[in-house]
$ cat target-v5.cif   # mmCIF, C-alpha atoms
data_input
#
loop_
_atom_site.label_atom_id
_atom_site.label_comp_id
_atom_site.auth_asym_id
_atom_site.auth_seq_id
_atom_site.Cartn_x
_atom_site.Cartn_y
_atom_site.Cartn_z
CA MET T 1 -123.19 -51.87 -95.89
CA SER T 2 -122.07 -53.78 -98.97
CA THR T 3 -125.65 -53.79 -100.28
CA GLU T 4 -125.90 -50.01 -99.80
CA MET T 5 -122.59 -49.49 -101.56
CA SER T 6 -123.71 -51.73 -104.42
CA THR T 7 -126.97 -49.81 -104.79
CA SER T 8 -125.12 -46.50 -104.75
CA SER T 9 -122.64 -47.75 -107.34
CA ALA T 10 -125.44 -48.93 -109.61
CA GLY T 11 -127.14 -45.56 -109.31
CA SER T 12 -123.92 -43.77 -110.20
CA ARG T 13 -123.50 -45.96 -113.28
CA ARG T 14 -127.06 -45.19 -114.39
CA ASP T 15 -126.49 -41.47 -113.90
CA ALA T 16 -123.24 -41.63 -115.86
CA GLN T 17 -124.89 -43.57 -118.68
CA ARG T 18 -127.80 -41.12 -118.81
CA LYS T 19 -125.39 -38.20 -119.04
CA ALA T 20 -123.41 -39.95 -121.78
CA LEU T 21 -126.60 -40.58 -123.75
CA LEU T 22 -127.69 -36.94 -123.41
CA ASP T 23 -124.27 -35.62 -124.41
CA ALA T 24 -124.13 -37.88 -127.46
CA ALA T 25 -127.70 -37.03 -128.47
CA SER T 26 -127.06 -33.29 -128.17
CA GLU T 27 -124.10 -33.63 -130.53
CA MET T 28 -126.19 -35.63 -133.00
CA LEU T 29 -128.94 -33.02 -132.95
CA MET T 30 -126.56 -30.09 -133.30
CA HIS T 31 -124.79 -31.57 -136.33
CA GLY T 32 -127.66 -33.39 -138.03
CA GLY T 33 -130.92 -31.93 -136.81
CA PRO T 34 -133.90 -33.91 -135.43
CA GLU T 35 -133.69 -36.46 -138.25
CA ALA T 36 -130.23 -37.45 -137.04
CA ILE T 37 -131.63 -38.90 -133.82
CA SER T 38 -131.77 -42.67 -134.11
CA LEU T 39 -132.07 -44.51 -130.82
CA ARG T 40 -130.17 -47.44 -132.29
CA LYS T 41 -127.30 -45.23 -133.46
CA LEU T 42 -127.32 -43.34 -130.17
CA ALA T 43 -127.07 -46.56 -128.16
CA ALA T 44 -124.23 -47.79 -130.36
CA LYS T 45 -122.40 -44.48 -129.99
CA VAL T 46 -122.47 -44.76 -126.21
CA GLY T 47 -121.82 -48.50 -126.19
CA THR T 48 -125.11 -49.60 -124.70
CA SER T 49 -128.41 -51.11 -125.84
CA THR T 50 -131.51 -49.47 -127.28
CA MET T 51 -133.37 -50.81 -124.27
CA ALA T 52 -131.15 -48.68 -122.04
CA VAL T 53 -132.31 -45.59 -123.94
CA TYR T 54 -135.96 -46.56 -123.45
CA THR T 55 -135.31 -47.29 -119.78
CA SER T 56 -133.74 -43.86 -119.24
CA PHE T 57 -136.08 -41.73 -121.35
CA GLY T 58 -139.07 -43.80 -122.44
CA GLY T 59 -138.40 -43.18 -126.13
CA LYS T 60 -137.44 -40.43 -128.56
CA ASP T 61 -139.92 -37.87 -127.24
CA GLY T 62 -138.66 -38.38 -123.72
CA LEU T 63 -135.07 -38.06 -124.90
CA ILE T 64 -135.71 -34.74 -126.65
CA THR T 65 -137.61 -33.45 -123.63
CA ALA T 66 -134.66 -34.42 -121.42
CA LEU T 67 -132.23 -32.64 -123.76
CA PHE T 68 -134.24 -29.42 -123.63
CA GLU T 69 -134.51 -29.59 -119.85
CA GLU T 70 -130.83 -30.46 -119.46
CA ALA T 71 -129.77 -27.39 -121.45
CA PHE T 72 -131.72 -24.98 -119.28
CA ASP T 73 -130.85 -26.85 -116.08
CA ARG T 74 -127.15 -26.44 -116.89
CA LEU T 75 -127.69 -22.75 -117.52
CA THR T 76 -129.47 -22.46 -114.17
CA VAL T 77 -126.54 -24.17 -112.43
CA ALA T 78 -124.12 -21.71 -114.08
CA GLN T 79 -126.26 -18.77 -112.97
CA GLN T 80 -126.51 -20.02 -109.40
CA ALA T 81 -122.73 -20.44 -109.26
CA ALA T 82 -122.29 -16.77 -110.22
CA GLU T 83 -121.59 -14.39 -107.37
CA ARG T 84 -124.67 -12.51 -106.20
CA PRO T 85 -123.55 -9.21 -104.68
CA ALA T 86 -125.91 -6.98 -102.73
CA GLU T 87 -125.82 -4.52 -105.64
CA PRO T 88 -128.25 -5.85 -108.30
CA LEU T 89 -126.41 -4.17 -111.19
CA LEU T 90 -123.36 -6.26 -110.40
CA TRP T 91 -125.57 -9.33 -110.15
CA LEU T 92 -126.90 -8.62 -113.65
CA ALA T 93 -123.37 -8.32 -114.99
CA ASN T 94 -122.41 -11.62 -113.34
CA LEU T 95 -125.47 -13.34 -114.84
CA SER T 96 -124.50 -12.21 -118.33
CA ARG T 97 -121.00 -13.61 -117.91
CA ALA T 98 -122.44 -16.85 -116.53
CA TYR T 99 -124.61 -17.14 -119.65
CA ARG T 100 -121.57 -16.80 -121.90
CA ASP T 101 -119.57 -19.29 -119.82
CA PHE T 102 -122.42 -21.78 -120.11
CA ALA T 103 -122.70 -21.29 -123.89
CA LEU T 104 -118.98 -21.75 -124.49
CA GLY T 105 -118.79 -24.73 -122.17
CA ASN T 106 -121.90 -26.48 -123.53
CA PRO T 107 -122.15 -25.58 -127.24
CA SER T 108 -124.24 -28.58 -128.27
CA TYR T 109 -126.81 -27.95 -125.53
CA TYR T 110 -126.78 -24.22 -126.20
CA ALA T 111 -127.68 -24.87 -129.83
CA LEU T 112 -130.88 -26.63 -128.72
CA MET T 113 -132.19 -23.93 -126.40
CA ILE T 114 -134.00 -21.70 -128.87
CA SER T 115 -134.59 -23.74 -131.98
CA ALA T 116 -137.56 -23.48 -134.30
CA THR T 117 -136.81 -26.95 -135.67
CA LEU T 118 -136.45 -28.91 -132.43
CA PRO T 119 -139.65 -30.95 -131.96
CA VAL T 120 -140.02 -30.54 -128.21
CA PRO T 121 -143.06 -32.49 -127.01
CA ALA T 122 -145.88 -30.75 -125.13
CA SER T 123 -144.76 -32.44 -121.91
CA ILE T 124 -141.85 -29.99 -121.64
CA ARG T 125 -144.18 -27.04 -121.27
CA HIS T 126 -144.94 -25.65 -117.83
CA LYS T 127 -148.39 -24.50 -118.88
CA GLU T 128 -151.17 -25.82 -121.10
CA PRO T 129 -149.80 -25.56 -124.66
CA THR T 130 -151.57 -24.08 -127.63
CA ALA T 131 -151.31 -25.52 -131.11
CA ASP T 132 -149.36 -22.55 -132.49
CA GLU T 133 -147.20 -21.75 -129.47
CA PRO T 134 -143.47 -21.70 -130.33
CA THR T 135 -141.15 -23.78 -128.18
CA ALA T 136 -139.20 -20.61 -127.30
CA ARG T 137 -142.16 -19.32 -125.28
CA THR T 138 -141.56 -22.06 -122.70
CA ILE T 139 -138.34 -20.28 -121.69
CA ALA T 140 -140.26 -17.63 -119.76
CA SER T 141 -141.44 -20.24 -117.25
CA HIS T 142 -137.99 -21.73 -116.62
CA PRO T 143 -135.94 -20.88 -113.49
CA SER T 144 -133.05 -19.61 -115.65
CA TYR T 145 -135.29 -16.84 -117.03
CA GLN T 146 -136.69 -16.15 -113.58
CA ASN T 147 -133.16 -15.56 -112.27
CA LEU T 148 -132.69 -12.80 -114.83
CA LEU T 149 -136.13 -11.38 -114.14
CA ASP T 150 -135.42 -11.34 -110.40
CA ALA T 151 -132.24 -9.34 -111.00
CA VAL T 152 -134.10 -6.87 -113.22
CA ASN T 153 -136.84 -6.44 -110.61
CA ALA T 154 -134.18 -5.84 -107.97
CA CYS T 155 -132.61 -3.13 -110.15
CA MET T 156 -136.03 -1.50 -110.59
CA ALA T 157 -136.77 -1.65 -106.87
CA GLU T 158 -133.61 0.20 -105.91
CA GLY T 159 -133.91 2.75 -108.73
CA SER T 160 -131.18 1.72 -111.14
CA MET T 161 -133.86 0.90 -113.71
CA PRO T 162 -137.13 2.79 -114.21
CA ARG T 163 -139.70 1.66 -111.65
CA ASP T 164 -142.54 2.11 -114.13
CA ALA T 165 -140.94 -0.07 -116.82
CA ASN T 166 -142.17 -3.52 -117.81
CA PRO T 167 -139.60 -5.89 -116.23
CA THR T 168 -140.12 -8.60 -118.83
CA VAL T 169 -139.36 -6.12 -121.64
CA LEU T 170 -136.06 -5.25 -119.96
CA ALA T 171 -135.24 -8.90 -119.23
CA ASP T 172 -136.02 -9.91 -122.81
CA ALA T 173 -133.72 -7.19 -124.15
CA LEU T 174 -130.86 -8.43 -122.00
CA TRP T 175 -131.53 -12.10 -122.82
CA ALA T 176 -131.65 -11.38 -126.55
CA THR T 177 -128.39 -9.45 -126.36
CA VAL T 178 -126.34 -12.11 -124.60
CA HIS T 179 -127.92 -14.94 -126.59
CA GLY T 180 -127.20 -13.24 -129.90
CA LEU T 181 -123.62 -12.44 -128.95
CA CYS T 182 -122.97 -16.01 -127.81
CA SER T 183 -124.51 -17.36 -131.02
CA LEU T 184 -122.18 -15.23 -133.14
CA GLU T 185 -119.18 -16.30 -131.10
CA LEU T 186 -119.97 -20.00 -131.33
CA ALA T 187 -120.57 -19.65 -135.07
CA GLY T 188 -116.99 -18.37 -135.48
CA PHE T 189 -117.93 -14.79 -136.31
CA HIS T 190 -114.98 -13.31 -134.44
CA GLU T 191 -111.33 -13.73 -135.36
CA SER T 192 -110.23 -14.67 -131.84
CA ALA T 193 -111.53 -15.45 -128.38
CA GLU T 194 -110.09 -12.16 -127.16
CA GLU T 195 -112.03 -10.24 -129.79
CA ALA T 196 -115.23 -12.09 -128.90
CA ALA T 197 -114.79 -11.30 -125.20
CA GLU T 198 -114.23 -7.63 -125.99
CA ARG T 199 -117.31 -7.45 -128.20
CA PHE T 200 -119.36 -9.16 -125.50
CA SER T 201 -118.25 -6.69 -122.86
CA VAL T 202 -118.75 -3.61 -125.05
CA THR T 203 -122.17 -4.63 -126.38
CA THR T 204 -123.70 -5.89 -123.14
CA GLY T 205 -122.43 -2.77 -121.39
CA ALA T 206 -123.92 -0.49 -124.04
CA VAL T 207 -127.32 -2.20 -123.92
CA LEU T 208 -127.42 -2.17 -120.12
CA ARG T 209 -126.57 1.54 -120.00
CA GLY T 210 -129.49 2.24 -122.28
CA LEU T 211 -131.87 0.62 -119.80
CA LEU T 212 -130.66 2.51 -116.72
CA THR T 213 -131.96 5.59 -114.98
CA PRO T 214 -129.54 8.52 -114.52
CA GLU T 215 -128.89 7.29 -110.99
CA GLY T 216 -128.29 3.76 -112.22
CA LEU T 217 -125.97 5.00 -114.94
CA LYS T 218 -123.84 6.89 -112.40
CA LYS T 219 -123.65 3.79 -110.25
CA TYR T 220 -122.78 1.57 -113.21
CA GLU T 221 -120.01 3.91 -114.38
CA SER T 222 -118.53 3.94 -110.88
CA PHE T 223 -118.44 0.13 -110.90
CA THR T 224 -116.75 -0.06 -114.32
CA GLN T 225 -114.18 2.55 -113.38
CA ALA T 226 -113.35 0.63 -110.21
CA THR T 227 -112.59 -2.51 -112.23
#
$ encode --input "target-v5.cif" --output "structure tokens"
Amino acid sequence: MSTEMSTSSAGSRRDAQRKALLDAASEMLMHGGPEAISLRKLAAKVGTSTMAVYTSFGGKDGLITALFEEAFDRLTVAQQAAERPAEPLLWLANLSRAYRDFALGNPSYYALMISATLPVPASIRHKEPTADEPTARTIASHPSYQNLLDAVNACMAEGSMPRDANPTVLADALWATVHGLCSLELAGFHESAEEAAERFSVTTGAVLRGLLTPEGLKKYESFTQAT
């Protein structure tokens, strides 16, 4: 029993150290860009050795890959924690709020998600990469994007969105809307958190209405009036 407890404790310490290294590295990247990542400085910041960084990630490429994956994994966790009602329009609304909650709660990771300057290695990609493929294209193969696409497909299946539409076009429009709004909020564009929340609600609602069928619009308006 004592051996099992010792093994479990050691595993917990490794997990905690890995998380601390990722958190510190995400802050370094957000404030200083890729050049700011020094494994020696990172280890010193967390109070461990450079060898511990290599043990956890295998080097700088592995660390950056882990940061990219961690950002989208945290978003997926936030999405899965959101309530999933039987009505897909309400599910979509909950997913948009979960996206904002994730962004506000994880600003350093959020800043890494769609970055033209982050040198994400090819190993992060879920398909064979091409030389000129932007890192952002890997998002479409991540579960967090699939959650949104599933909700859009559900809305199309029950008639709230046009059944002959391209679901990825609709999903991309919604993703771009919430991502842009969260980026403005984190950049300090709004004068207060209350103003940012209002803008988020108004803009996401307006974009969603524009994607709905007449039947979906009636349903959506009934939901908003009820709340």
$ closest_residue --input "target-v5.cif" --among "T:Glu195, T:Glu221, T:Asp15, T:Asp101" --to "Cys182 in chain T" --atoms "only C-alpha atoms"
T:Asp101
$ residues_around --input "target-v5.cif" --residues "Ala171 in chain T" --least-positions-apart "3" --cutoff "10 Å" --atoms "only C-alpha atoms" --output "PyMOL selection string"
chain T and resi 145-153+166-168+174-177
$ closest_residue --input "target-v5.cif" --among "T:Ala24, T:Leu211, T:Leu104, T:Leu170" --to "Ala197 in chain T" --atoms "only C-alpha atoms"
T:Leu104
$ resolve_selection --input "target-v5.cif" --expression "the PyMOL selection byres ((chain T and resi 84-96) around 6)" --output "PyMOL selection string"
chain T and resi 79+83+97-99+151+154-155
$ write_last_selection --input "target-v5.cif" --atoms "C-alpha atoms" --output "mmCIF file, in the frame of the given file"
data_model
loop_
_atom_site.group_PDB
_atom_site.id
_atom_site.type_symbol
_atom_site.label_atom_id
_atom_site.label_comp_id
_atom_site.auth_asym_id
_atom_site.auth_seq_id
_atom_site.Cartn_x
_atom_site.Cartn_y
_atom_site.Cartn_z
ATOM 1 C CA GLN T 79 -126.260 -18.770 -112.970
ATOM 2 C CA GLU T 83 -121.590 -14.390 -107.370
ATOM 3 C CA ARG T 97 -121.000 -13.610 -117.910
ATOM 4 C CA ALA T 98 -122.440 -16.850 -116.530
ATOM 5 C CA TYR T 99 -124.610 -17.140 -119.650
ATOM 6 C CA ALA T 151 -132.240 -9.340 -111.000
ATOM 7 C CA ALA T 154 -134.180 -5.840 -107.970
ATOM 8 C CA CYS T 155 -132.610 -3.130 -110.150
#
$ resolve_selection --input "target-v5.cif" --expression "the PyMOL selection byres ((chain T and resi 46) around 12)" --output "list in words"
Ala16, Gln17, Arg18, Lys19, Ala20, Leu21, Leu22, Asp23, Ala24, Ala25, Met28, Leu39, Arg40, Lys41, Leu42, Ala43, Ala44, Lys45, Gly47, Thr48, Ser49, Thr50, Ala52 and Val53 of chain T
